[in-house]
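Asks: Structure file entry-v8.txt, compact mmCIF, C-alpha atoms, is pasted below:
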# COMPACT_ATOMS: atom_id res chain seq x y z
CA MET A 1 55.19 -29.58 3.46
CA ARG A 2 56.45 -27.61 0.46
CA ALA A 3 52.93 -27.34 -0.91
CA ARG A 4 51.58 -26.08 2.38
CA ALA A 5 54.39 -23.56 2.72
CA LEU A 6 53.88 -22.35 -0.82
CA ALA A 7 50.13 -21.90 -0.22
CA ALA A 8 50.82 -19.90 2.95
CA ALA A 9 53.24 -17.67 1.07
CA VAL A 10 50.76 -17.05 -1.75
CA ALA A 11 48.03 -16.16 0.74
CA ALA A 12 50.34 -13.77 2.55
CA VAL A 13 51.34 -12.08 -0.71
CA LEU A 14 47.71 -11.65 -1.68
CA LEU A 15 46.92 -10.19 1.73
CA SER A 16 49.83 -7.74 1.65
CA THR A 17 49.16 -6.46 -1.86
CA GLY A 18 45.43 -6.08 -1.45
CA ALA A 19 44.70 -8.22 -4.47
CA ALA A 20 41.09 -8.68 -5.39
CA VAL A 21 39.23 -11.80 -4.42
CA PRO A 22 38.48 -14.30 -7.18
CA ALA A 23 35.79 -13.30 -9.62
CA ALA A 24 33.38 -15.87 -8.22
CA GLN A 25 33.49 -14.09 -4.84
CA ALA A 26 33.63 -10.52 -6.09
CA ALA A 27 30.61 -8.30 -5.54
CA PRO A 28 28.55 -7.57 -8.61
CA ALA A 29 29.02 -4.13 -10.10
CA PRO A 30 26.44 -1.68 -8.83
CA VAL A 31 23.50 -1.26 -11.14
CA ALA A 32 22.57 2.35 -11.85
CA ARG A 33 19.03 3.23 -10.87
CA ALA A 34 16.94 3.97 -13.88
CA ALA A 35 15.65 7.50 -13.99
CA LEU A 36 11.94 6.80 -13.97
CA ALA A 37 9.41 9.46 -14.82
CA PRO A 38 7.30 10.40 -11.80
CA VAL A 39 3.82 8.92 -11.62
CA PRO A 40 1.22 11.70 -11.83
CA CYS A 41 -0.88 12.22 -8.71
CA PRO A 42 -4.65 11.85 -9.11
CA LYS A 43 -5.96 15.42 -9.27
CA ALA A 44 -9.47 16.67 -8.74
CA PRO A 45 -10.51 19.63 -10.91
CA ALA A 46 -10.30 22.88 -8.98
CA PRO A 47 -11.50 26.38 -9.83
CA LYS A 48 -8.93 28.93 -10.86
CA VAL A 49 -8.21 31.42 -8.11
CA SER A 50 -6.16 34.59 -7.90
CA ARG A 51 -3.28 34.33 -5.49
CA PRO A 52 -0.05 36.18 -4.77
CA PRO A 53 3.02 35.00 -6.69
CA ARG A 54 4.26 31.75 -5.23
CA PRO A 55 7.55 32.19 -3.33
CA VAL A 56 10.70 30.64 -4.75
CA PRO A 57 11.51 27.61 -2.58
CA PRO A 58 15.03 26.91 -1.34
CA PRO A 59 17.27 24.75 -3.54
CA ASN A 60 16.59 21.05 -3.13
CA VAL A 61 19.02 19.24 -0.84
CA PRO A 62 19.35 15.64 -2.10
CA ALA A 63 19.84 14.24 1.41
CA ASP A 64 16.64 15.92 2.61
CA ARG A 65 14.59 14.41 -0.20
CA VAL A 66 15.40 10.84 0.80
CA VAL A 67 14.65 11.24 4.51
CA GLY A 68 12.35 8.34 5.27
CA GLY A 69 13.35 6.30 2.21
CA GLU A 70 14.47 6.66 -1.38
CA ARG A 71 10.99 6.02 -2.77
CA LEU A 72 9.86 9.29 -1.20
CA ASP A 73 12.20 11.26 -3.45
CA THR A 74 9.58 12.04 -6.09
CA PRO A 75 7.40 14.98 -7.11
CA GLY A 76 4.72 12.47 -8.09
CA LEU A 77 2.74 9.61 -6.60
CA VAL A 78 4.23 6.79 -4.52
CA VAL A 79 1.99 3.97 -3.23
CA PRO A 80 2.57 0.33 -2.23
CA GLU A 81 2.62 -2.30 -4.94
CA GLY A 82 -0.89 -3.48 -5.75
CA ALA A 83 -2.57 -0.72 -3.73
CA PRO A 84 -5.79 0.79 -5.05
CA ALA A 85 -5.53 4.23 -6.55
CA PRO A 86 -5.83 6.98 -3.93
CA PRO A 87 -8.64 9.52 -4.23
CA ALA A 88 -8.22 12.52 -6.49
CA VAL A 89 -7.70 15.67 -4.43
CA THR A 90 -6.82 19.27 -5.20
CA ALA A 91 -3.82 19.34 -2.84
CA THR A 92 -0.45 19.87 -4.51
CA SER A 93 1.18 17.44 -2.07
CA TRP A 94 -0.01 15.02 0.62
CA LEU A 95 1.05 12.06 2.77
CA VAL A 96 -0.64 9.33 4.82
CA ALA A 97 1.28 7.58 7.60
CA ASP A 98 0.78 5.33 10.61
CA LEU A 99 1.14 7.34 13.82
CA ASP A 100 2.33 4.33 15.83
CA THR A 101 4.67 2.43 13.51
CA GLY A 102 5.78 5.44 11.48
CA ALA A 103 5.14 3.60 8.21
CA VAL A 104 4.38 5.93 5.29
CA LEU A 105 1.45 4.37 3.43
CA GLY A 106 1.47 6.63 0.40
CA ALA A 107 2.19 10.15 -0.71
CA CYS A 108 2.15 12.70 -3.50
CA GLY A 109 5.30 14.84 -3.67
CA PRO A 110 6.12 14.17 -0.01
CA HIS A 111 9.32 16.23 -0.05
CA GLU A 112 8.10 19.08 -2.25
CA TYR A 113 8.30 22.49 -0.59
CA GLY A 114 4.98 24.07 0.37
CA THR A 115 3.66 26.93 2.49
CA PRO A 116 2.20 25.80 5.83
CA ALA A 117 -0.36 28.47 6.78
CA SER A 118 -1.83 27.68 10.22
CA THR A 119 -0.67 24.07 10.24
CA GLN A 120 2.54 25.78 11.42
CA LYS A 121 0.82 26.10 14.79
CA LEU A 122 1.45 22.38 15.24
CA LEU A 123 5.19 23.05 15.25
CA LEU A 124 4.57 25.70 17.90
CA ALA A 125 2.61 23.11 19.92
CA ALA A 126 5.27 20.42 19.52
CA THR A 127 7.87 22.93 20.75
CA MET A 128 6.10 24.72 23.58
CA LEU A 129 3.64 22.22 25.09
CA PRO A 130 6.43 20.48 27.03
CA ARG A 131 7.83 23.84 28.20
CA LEU A 132 4.78 25.72 29.45
CA ASP A 133 2.69 25.13 32.57
CA PRO A 134 -0.96 24.99 31.45
CA LYS A 135 -2.06 26.48 34.79
CA GLN A 136 0.21 29.51 34.53
CA VAL A 137 -1.65 32.81 34.02
CA VAL A 138 -0.26 35.06 31.31
CA THR A 139 -1.01 38.73 30.66
CA VAL A 140 -1.56 39.66 27.01
CA THR A 141 0.59 42.53 25.71
CA ARG A 142 -0.02 44.95 22.87
CA GLY A 143 2.74 43.27 20.89
CA ASP A 144 0.86 39.97 21.05
CA LEU A 145 -1.89 41.53 18.94
CA ASN A 146 0.55 42.44 16.17
CA ILE A 147 -1.09 40.21 13.56
CA ALA A 148 -2.27 40.75 10.00
CA ARG A 149 -5.52 42.65 9.75
CA GLY A 150 -8.41 40.33 9.08
CA SER A 151 -6.47 37.20 10.06
CA SER A 152 -7.91 34.66 12.49
CA ALA A 153 -7.95 35.68 16.15
CA VAL A 154 -9.49 34.39 19.36
CA GLY A 155 -10.32 37.78 20.80
CA LEU A 156 -7.74 38.02 23.60
CA LEU A 157 -7.54 41.51 25.09
CA VAL A 158 -4.49 43.63 25.83
CA GLY A 159 -4.04 43.49 29.58
CA GLY A 160 -6.26 40.43 29.86
CA LYS A 161 -5.13 37.60 32.10
CA TYR A 162 -5.66 34.07 30.82
CA PRO A 163 -4.54 30.57 31.85
CA VAL A 164 -2.03 29.15 29.39
CA GLU A 165 -4.42 26.24 28.79
CA THR A 166 -7.06 28.70 27.58
CA VAL A 167 -4.53 30.23 25.19
CA TRP A 168 -3.71 26.75 23.82
CA LEU A 169 -7.40 26.10 23.22
CA GLY A 170 -7.70 29.43 21.46
CA LEU A 171 -4.78 28.48 19.25
CA LEU A 172 -5.98 24.99 18.33
CA LEU A 173 -9.75 25.49 18.20
CA ASN A 174 -9.97 28.96 16.72
CA SER A 175 -6.52 29.24 15.09
CA GLY A 176 -5.85 32.43 17.04
CA ASN A 177 -2.80 34.20 15.65
CA GLU A 178 -2.51 36.41 18.73
CA ALA A 179 -2.58 33.23 20.83
CA ALA A 180 0.42 31.99 18.82
CA ASN A 181 2.30 35.19 19.64
CA VAL A 182 1.50 34.84 23.35
CA LEU A 183 2.75 31.25 23.50
CA ALA A 184 5.88 31.91 21.42
CA ARG A 185 6.73 34.93 23.58
CA LEU A 186 6.15 33.02 26.79
CA GLY A 187 8.29 30.07 25.71
CA GLY A 188 10.91 32.12 23.87
CA GLY A 189 12.73 33.38 26.95
CA PRO A 190 14.47 36.76 26.94
CA ASP A 191 14.13 37.05 23.16
CA GLY A 192 10.35 36.73 23.26
CA VAL A 193 8.63 35.77 20.01
CA ALA A 194 11.95 35.69 18.14
CA GLY A 195 13.27 33.22 20.70
CA GLY A 196 10.10 31.15 20.33
CA VAL A 197 10.49 30.97 16.55
CA ARG A 198 14.13 30.00 16.96
CA ALA A 199 13.09 27.21 19.33
CA MET A 200 10.52 26.04 16.75
CA ASN A 201 13.22 25.72 14.10
CA GLU A 202 15.45 23.84 16.52
CA GLU A 203 12.58 21.46 17.28
CA ALA A 204 11.90 20.96 13.58
CA ARG A 205 15.51 19.91 13.10
CA ARG A 206 15.38 17.56 16.09
CA LEU A 207 12.28 15.90 14.66
CA GLY A 208 13.99 15.41 11.30
CA ALA A 209 11.83 18.00 9.52
CA ARG A 210 14.74 19.34 7.49
CA GLN A 211 12.57 21.09 4.89
CA THR A 212 10.73 23.16 7.48
CA HIS A 213 11.67 26.73 8.33
CA ALA A 214 9.44 28.89 10.53
CA VAL A 215 9.40 32.67 10.25
CA THR A 216 6.19 33.36 12.19
CA PRO A 217 4.82 31.29 15.09
CA SER A 218 1.29 31.39 13.71
CA GLY A 219 1.87 30.37 10.10
CA LEU A 220 1.03 33.81 8.76
CA ASP A 221 3.09 34.09 5.59
CA GLY A 222 6.69 35.14 5.97
CA LYS A 223 9.58 35.27 3.51
CA GLY A 224 11.47 31.98 3.52
CA GLN A 225 8.79 30.06 5.42
CA PHE A 226 8.35 26.54 4.04
CA THR A 227 7.51 22.98 4.99
CA SER A 228 6.60 19.71 3.24
CA ALA A 229 3.90 17.08 3.57
CA TYR A 230 6.50 14.70 5.03
CA ASP A 231 7.69 17.24 7.59
CA LEU A 232 4.13 18.01 8.65
CA ALA A 233 3.64 14.30 9.35
CA LEU A 234 6.72 14.27 11.59
CA ILE A 235 5.44 17.34 13.43
CA GLY A 236 1.90 15.97 13.69
CA ARG A 237 3.22 12.69 15.07
CA ALA A 238 5.13 14.56 17.78
CA CYS A 239 1.98 16.49 18.70
CA PHE A 240 -0.25 13.43 18.93
CA ALA A 241 2.30 11.80 21.24
CA ASN A 242 1.47 14.51 23.81
CA PRO A 243 -1.65 13.78 25.95
CA LEU A 244 -2.37 17.49 26.43
CA PHE A 245 -2.44 18.03 22.68
CA ARG A 246 -4.74 15.05 22.18
CA ARG A 247 -7.17 16.49 24.70
CA TYR A 248 -7.02 20.04 23.35
CA THR A 249 -7.40 19.08 19.68
CA LEU A 250 -10.54 17.00 20.39
CA THR A 251 -12.21 19.74 22.46
CA GLU A 252 -15.37 20.85 20.67
CA ARG A 253 -15.89 24.16 22.49
CA THR A 254 -14.54 26.16 25.39
CA GLN A 255 -15.21 29.36 27.28
CA ILE A 256 -12.87 32.33 27.08
CA PRO A 257 -13.08 33.83 30.57
CA ALA A 258 -14.40 37.31 31.31
CA GLN A 259 -11.98 40.10 32.16
CA PRO A 260 -13.60 42.10 34.95
CA ALA A 261 -10.68 44.53 35.20
CA LEU A 262 -11.23 45.41 31.54
CA LYS A 263 -15.04 45.35 31.89
CA ALA A 264 -15.25 42.63 29.23
CA GLY A 265 -17.44 39.55 29.38
CA GLY A 266 -16.52 36.00 28.49
CA PHE A 267 -17.52 34.18 25.31
CA GLN A 268 -17.48 30.74 23.75
CA ILE A 269 -15.35 29.46 20.87
CA GLN A 270 -15.82 26.27 18.83
CA ASN A 271 -13.39 23.89 17.17
CA GLU A 272 -13.08 24.73 13.46
CA ASN A 273 -11.84 21.26 12.48
CA GLN A 274 -14.93 19.55 11.11
CA LEU A 275 -13.20 16.17 11.11
CA ILE A 276 -13.87 15.74 14.84
CA TYR A 277 -17.63 16.10 14.29
CA ARG A 278 -18.04 14.19 11.03
CA TYR A 279 -15.43 11.44 10.81
CA ARG A 280 -15.66 8.20 12.77
CA GLY A 281 -12.67 7.73 15.03
CA ALA A 282 -11.34 11.27 14.51
CA LEU A 283 -8.46 12.23 16.81
CA GLY A 284 -8.20 15.88 15.80
CA GLY A 285 -5.79 17.97 13.78
CA LYS A 286 -5.38 21.48 12.40
CA THR A 287 -6.70 23.49 9.49
CA GLY A 288 -4.85 26.29 7.71
CA PHE A 289 -5.40 28.92 5.04
CA THR A 290 -3.76 32.00 3.59
CA GLU A 291 -4.17 33.51 0.13
CA LEU A 292 -0.61 32.49 -0.63
CA ALA A 293 -0.58 28.98 0.89
CA ARG A 294 -4.19 28.13 0.01
CA HIS A 295 -5.61 25.36 2.19
CA SER A 296 -3.41 23.12 4.31
CA TYR A 297 -4.53 20.38 6.65
CA VAL A 298 -3.32 17.85 9.21
CA GLY A 299 -5.77 15.30 10.62
CA ALA A 300 -5.66 11.95 12.40
CA ALA A 301 -8.10 9.15 13.15
CA GLN A 302 -8.23 5.72 14.77
CA ARG A 303 -9.97 2.57 13.56
CA ASN A 304 -9.57 -1.03 14.67
CA GLY A 305 -6.60 -0.17 16.86
CA ARG A 306 -4.79 1.61 14.04
CA ARG A 307 -3.99 5.35 14.11
CA LEU A 308 -3.28 7.21 10.87
CA VAL A 309 -2.31 10.79 10.13
CA VAL A 310 -2.84 12.69 6.89
CA THR A 311 -1.17 15.92 5.77
CA LEU A 312 -1.87 18.03 2.71
CA LEU A 313 -0.67 21.33 1.30
CA GLY A 314 -1.83 23.71 -1.41
CA ALA A 315 -5.44 22.50 -1.65
CA GLU A 316 -8.53 24.34 -2.83
CA ALA A 317 -11.82 24.23 -0.91
CA ARG A 318 -13.78 23.18 -3.99
CA PRO A 319 -15.09 20.71 -4.94
CA VAL A 320 -14.55 19.59 -1.33
CA ARG A 321 -12.90 21.28 1.63
CA GLY A 322 -9.46 20.45 2.94
CA TRP A 323 -10.62 18.35 5.89
CA GLN A 324 -12.83 16.33 3.52
CA GLN A 325 -9.89 15.64 1.24
CA GLY A 326 -8.01 14.53 4.34
CA ALA A 327 -10.92 12.26 5.28
CA GLN A 328 -10.89 10.66 1.82
CA LEU A 329 -7.16 9.96 2.09
CA LEU A 330 -7.63 8.53 5.59
CA ASP A 331 -10.29 6.16 4.23
CA TRP A 332 -7.82 5.08 1.55
CA GLY A 333 -5.10 4.55 4.16
CA PHE A 334 -7.34 2.43 6.38
CA SER A 335 -8.16 0.25 3.36
CA LEU A 336 -4.52 -0.81 2.97
CA PRO A 337 -2.95 -3.82 4.72
CA ARG A 338 -1.24 -3.11 8.02
CA ASN A 339 2.16 -3.97 6.54
CA ALA A 340 1.80 -1.59 3.59
CA SER A 341 4.66 0.90 3.34
CA VAL A 342 6.62 3.07 0.92
CA GLY A 343 8.89 4.60 3.55
CA ARG A 344 8.88 5.64 7.19
CA LEU A 345 8.76 8.63 9.50
CA VAL A 346 12.15 9.04 11.13
CA GLU A 347 12.34 9.15 14.92
CA PRO A 348 13.09 12.39 16.83
CA GLY A 349 16.84 12.92 17.06
CA GLU A 350 17.62 10.12 14.59
CA LEU A 351 19.14 12.29 11.87
CA ASP A 352 21.17 14.36 14.34
CA ALA A 353 22.58 11.20 15.93
CA ALA A 354 23.53 9.80 12.53
CA GLU A 355 25.27 13.03 11.55
CA ALA A 356 27.12 13.24 14.87
CA GLY A 357 28.31 9.67 14.41
CA ARG A 358 29.66 10.43 10.97
CA GLN A 359 31.45 13.60 12.12
CA GLY A 360 32.93 11.97 15.21
CA SER A 361 34.45 8.95 13.43
CA PRO A 362 37.84 9.05 11.60
CA ALA A 363 37.74 9.33 7.85
CA ALA A 364 37.61 5.86 6.39
CA ALA A 365 36.01 3.98 3.58
CA PRO A 366 32.35 3.26 4.26
CA ALA A 367 31.58 -0.23 5.50
CA PRO A 368 30.75 -2.45 2.51
CA PRO A 369 27.42 -4.23 2.29
CA SER A 370 27.29 -7.52 4.18
CA ASP A 371 26.75 -9.48 0.98
CA GLU A 372 29.84 -8.00 -0.72
CA TRP A 373 32.69 -8.99 1.63
CA ARG A 374 32.48 -11.80 4.16
CA GLY A 375 34.76 -12.55 7.11
CA PRO A 376 37.85 -10.75 8.47
CA ALA A 377 40.11 -11.80 5.58
CA GLY A 378 37.71 -10.35 3.01
CA THR A 379 37.33 -7.14 5.02
CA ALA A 380 41.12 -6.79 5.28
CA LEU A 381 41.51 -7.31 1.53
CA ARG A 382 38.94 -4.58 0.81
CA ARG A 383 40.55 -2.10 3.20
CA MET A 384 43.97 -2.67 1.67
CA ALA A 385 42.56 -2.31 -1.82
CA ASP A 386 41.21 1.06 -0.70
CA GLY A 387 44.68 2.10 0.50
CA ASP A 388 44.21 1.70 4.26
CA TRP A 389 47.83 1.76 5.56
CA THR A 390 46.71 0.76 9.06
CA VAL A 391 46.14 -2.69 7.54
CA ILE A 392 48.80 -2.67 4.80
CA VAL A 393 51.79 -2.10 7.15
CA PRO A 394 50.99 -4.96 9.58
CA ALA A 395 50.20 -7.22 6.62
CA ALA A 396 53.56 -6.41 5.03
CA GLY A 397 55.29 -7.28 8.30
CA LEU A 398 53.40 -10.54 8.44
CA LEU A 399 54.46 -11.29 4.88
CA ALA A 400 58.12 -10.67 5.69
CA LEU A 401 57.90 -12.90 8.76
CA THR A 402 56.15 -15.64 6.78
CA VAL A 403 58.78 -15.55 3.99
CA GLY A 404 61.61 -15.61 6.55
CA VAL A 405 60.15 -18.64 8.32
CA LEU A 406 59.57 -20.39 4.98
CA VAL A 407 63.17 -19.77 3.86
CA ALA A 408 64.54 -21.02 7.19
CA VAL A 409 62.46 -24.20 6.96
CA LEU A 410 63.61 -24.89 3.40
CA VAL A 411 67.29 -24.29 4.30
CA ALA A 412 67.01 -26.58 7.31
CA ARG A 413 65.47 -29.36 5.22
CA ARG A 414 68.18 -29.11 2.56
CA SER A 415 71.01 -29.29 5.10
CA ARG A 416 69.51 -32.24 7.04
CA PRO A 417 71.14 -35.68 6.11
CA ARG A 418 68.79 -38.12 4.36
CA ARG A 419 67.83 -41.31 6.10
CA VAL A 420 66.99 -44.52 4.26
CA GLY A 421 63.95 -46.39 5.49
CA ARG A 422 60.59 -47.80 4.57
CA ARG A 423 58.22 -45.35 2.89
CA ARG A 424 54.76 -45.18 4.39
CA ALA A 425 51.83 -45.40 2.08
Could you show the structure in this file as C-alpha cells?

Replies:
Amino acid sequence: MRARALAAAVAAVLLSTGAAVPAAQAAPAPVARAALAPVPCPKAPAPKVSRPPRPVPPPNVPADRVVGGERLDTPGLVVPEGAPAPPAVTATSWLVADLDTGAVLGACGPHEYGTPASTQKLLLAATMLPRLDPKQVVTVTRGDLNIARGSSAVGLLVGGKYPVETVWLGLLLNSGNEAANVLARLGGGPDGVAGGVRAMNEEARRLGARQTHAVTPSGLDGKGQFTSAYDLALIGRACFANPLFRRYTLTERTQIPAQPALKAGGFQIQNENQLIYRYRGALGGKTGFTELARHSYVGAAQRNGRRLVVTLLGAEARPVRGWQQGAQLLDWGFSLPRNASVGRLVEPGELDAAEAGRQGSPAAAPAPPSDEWRGPAGTALRRMADGDWTVIVPAAGLLALTVGVLVAVLVARRSRPRRVGRRRA
C-alpha cells in the first residue's frame, strides 16, 4: 500500500511540475537541414539577345517558396530520386505536374520570380470564365483598344458587337490584347478593367499562387507584374478544370463575324499554339512573348489516361521554340512512374483556409509531432513544460488532493490498533 501511494505521489509531482519524460522516451533533438548547393538545371545554349533591363523582383517570402513542399524551395533542379535527366531547355524556370493528382514531377526554379507575358491570359480565363455568359453580346469601346503598338491583337473594331465566346476565342487562339481588355472590363464591374485586374489578383490568391501579381489583364509588361512556374501550373490546372476552356484552347480556327453596321467583313483566325497540331494527345495551352519576358509557355497533354501540364518562363526561341521545349518536358514527364513526385500543387482555397485556422485559434504551442509525445499524459507534460497554465493549475490541484488523501491514509493506518493473526503468503 505504501509503495503504491508513494508511486502515485511521485507521478502527481512529475505531472504538476512539468518534468521531462525519461530520456528513453524523449524526442530526439531536431537535426538541422544541411544547406545543400542547388543542382544546376540542364541548359540548352541560346543566342544572346538584347532585352530591356530585367525588373527587380519582390523580396522572397520564405513561406511562399515552400508552397507545395520544401523540396520546391530551390533555384535549381529538383527531380525524383532515380529519374532520368530532364531535357536541356533555354527556359530560366519550368515545372511539370500531373493535372489530376496535382503531383509535381520535376522542376527548375519552381518558385523563382518571372515575367508572364501572355500566359497571364490564363489567369484572366480562370477568373472570368465562370463569371461571363458566353452568349452575351458585348460592344467594343475605344478604351478596349488601348494596347501597346505592335502587340498582338485579334482585330476587334470599336463599336463592333461580338459574342463573348468569340472574344474568348480571340484571346486564346490569337492572344488578342484588346480581347483581354474587353473581358476584364466586362467582368470587372463598375471599375472596369481595373476591377477585372483586381479580381485576377484575388483569384490568384485563392488558387495559392502567392508569387503572382497582375498589373495588366493581357500580360503586356507592367511594373510589379510577376509570376512563377509553380504559380502558372496552379493557374493552368484551374483553367483545364473548366470545360469551356478545354474546348476553346483546342479550337484550331474560328470566324470573327462581320460588322455590317461598320461596313467591315468577317475573317478567320487560327490557333497559334503549335502543340495542338504537332503533339500526340495535346490538350492545349497558351504561348507568350514580350521583349522583357522573352518566351513563356503553358501546355498540357494526355497519354494513357494521364494528364500532364508543363510551364516555362524566360525561354528563347532558338534552338527550339517554347512550345517545343514544353513538348520535350512533357515527354520526360510521361516517362516517369505514376507515383513520381517532388511536391504537389495545392488545392484552391487551401492556403487561405490554413491561414484562417491559424488566426482564429488561441495562441498556443504548436501540436508536437505524433512520434514525439504519445498519449494524454505525455501531451499534458509537454504543455506544462511549455508553461501552459490551463494545465498547470488543475494539475497542482490534483497534486494537493493526492497528497492530502495520502496523508490521511497514512495517519489512519498509524492510529489503527494492530491485530495478531496468521500471515498470508

Asks: Do a neighbour search on Arg51 of chain A at 12 Å with all atoms listed in the file, toss out local chain neighbours closer than 3 positions, and write the hits as an mmCIF file with C-alpha atoms, in the coordinates of the input.

Replies:
data_model
loop_
_atom_site.group_PDB
_atom_site.id
_atom_site.type_symbol
_atom_site.label_atom_id
_atom_site.label_comp_id
_atom_site.auth_asym_id
_atom_site.auth_seq_id
_atom_site.Cartn_x
_atom_site.Cartn_y
_atom_site.Cartn_z
ATOM 1 C CA LYS A 48 -8.930 28.930 -10.860
ATOM 2 C CA ARG A 54 4.260 31.750 -5.230
ATOM 3 C CA PRO A 55 7.550 32.190 -3.330
ATOM 4 C CA THR A 290 -3.760 32.000 3.590
ATOM 5 C CA GLU A 291 -4.170 33.510 0.130
ATOM 6 C CA LEU A 292 -0.610 32.490 -0.630
ATOM 7 C CA ALA A 293 -0.580 28.980 0.890
ATOM 8 C CA ARG A 294 -4.190 28.130 0.010
ATOM 9 C CA GLY A 314 -1.830 23.710 -1.410
ATOM 10 C CA GLU A 316 -8.530 24.340 -2.830
#

Asks: Need the shell around Cys41 of chain A: protein/DNA/RNA residues with any atom at most 12 Å away, counting all atoms listed in the file. Skip same-chain ones fewer than 6 positions apart. Format as a VMD selection string?

Replies: chain A and resid 74 to 79 85 to 95 106 to 110

Asks: Here is a test: counting all atoms listed in the file, which residue of A:Ala126, A:Val167, A:Ala117, A:Ala83 is nearest to Leu313 of chain A?

Replies: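 Selected residue with least distance to Leu313 of chain A: A:Ala117.
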
Asks: Using all atoms listed in the file - which residues lie no farther than 12 Å from the point (-14.7, 15.1, 1.8) in the file's frame? Write them as a ChimeraX atom specification.

Replies: /A:44,87-90,274-275,278-279,317-331

Asks: Fewer than 3 positions away in the same chain doesn't count, so skip those; otherwise give me all residues within 10 Å of Gly224 of chain A, counting all atoms listed in the file, as a VMD selection string.

Replies: chain A and resid 55 to 58 115 212 to 215 221 227

Asks: Using all atoms listed in the file for the distances, tell me which of A:Val182, A:Val346, A:Val39, A:Val154 is nearest to Gly170 of chain A.

Replies: A:Val154

Asks: Which value, in Å to one decimal, gives the distance between atom CA of Arg210 of chain A and atom CA of Val104 of chain A?

Replies: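 Distance between the two atoms: 17.1 Å.
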
Asks: Which value, in Å to one decimal, gives the distance between atom CA of Asn146 of chain A and atom CA of Leu220 of chain A?

Replies: 11.4 Å

Asks: What does the distance from atom CA of Lys263 of chain A to atom CA of Val138 of chain A come to in Å, to one decimal?

Replies: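 Spanning atom CA of Lys263 of chain A to atom CA of Val138 of chain A is a straight-line distance of 18.0 Å.
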
Asks: Can you pull out every residue within 8 Å of Arg307 of chain A, counting all atoms listed in the file, but drop anything in the same chain fewer than 6 positions away, and send it as a list in words?

Replies: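 Surrounding residues, per the criterion: Asp98, Leu99, Asp100, Ala300 and Ala301 of chain A.
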
Asks: Within 9 Å of (1.7, 7.5, 6.3), only C-alpha atoms: residues as an MDAnalysis selection string?

Replies: chainID A and resid 95:99 102:107 230 233 308:311 333 341:345

Asks: Write out as AutoDock Vina command-line options an axis-aligned box for segment 168-186 of chain A: all of its atoms listed in the file, 6 Å added on each side, centre and edge lengths in Å with one decimal.

Replies:
--center_x -1.6 --center_y 30.7 --center_z 20.9 --size_x 28.7 --size_y 23.4 --size_z 23.7

Asks: Go through A:Thr287, A:Asn181, A:Asn339, A:Gln359 and flag the residue nearest Trp168 of chain A, using all atoms listed in the file for the distances.

Replies: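 Checking each of A:Thr287, A:Asn181, A:Asn339, A:Gln359 against Trp168 of chain A, counting all atoms listed in the file, the winner is A:Asn181.
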
Asks: With distances taken over all atoms listed in the file, which residue among A:Asp64, A:Glu252, A:Glu70, A:Asp352 lies nearest Glu203 of chain A?

Replies: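 Looking at the shortest contact to Glu203 of chain A, the residue is A:Asp352.
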
Asks: With only C-alpha atoms as the basis for distance, which of A:Lys161, A:Asn201, A:Pro84, A:Asn304 is at the shortest distance from Arg280 of chain A?

Replies: A:Asn304

Asks: Just want the 7 Å neighbourhood of Gln255 of chain A, counted on all atoms listed in the file, with same-chain residues fewer than 5 positions away dropped. Output as number ranges by chain.

Replies: A: 266-269
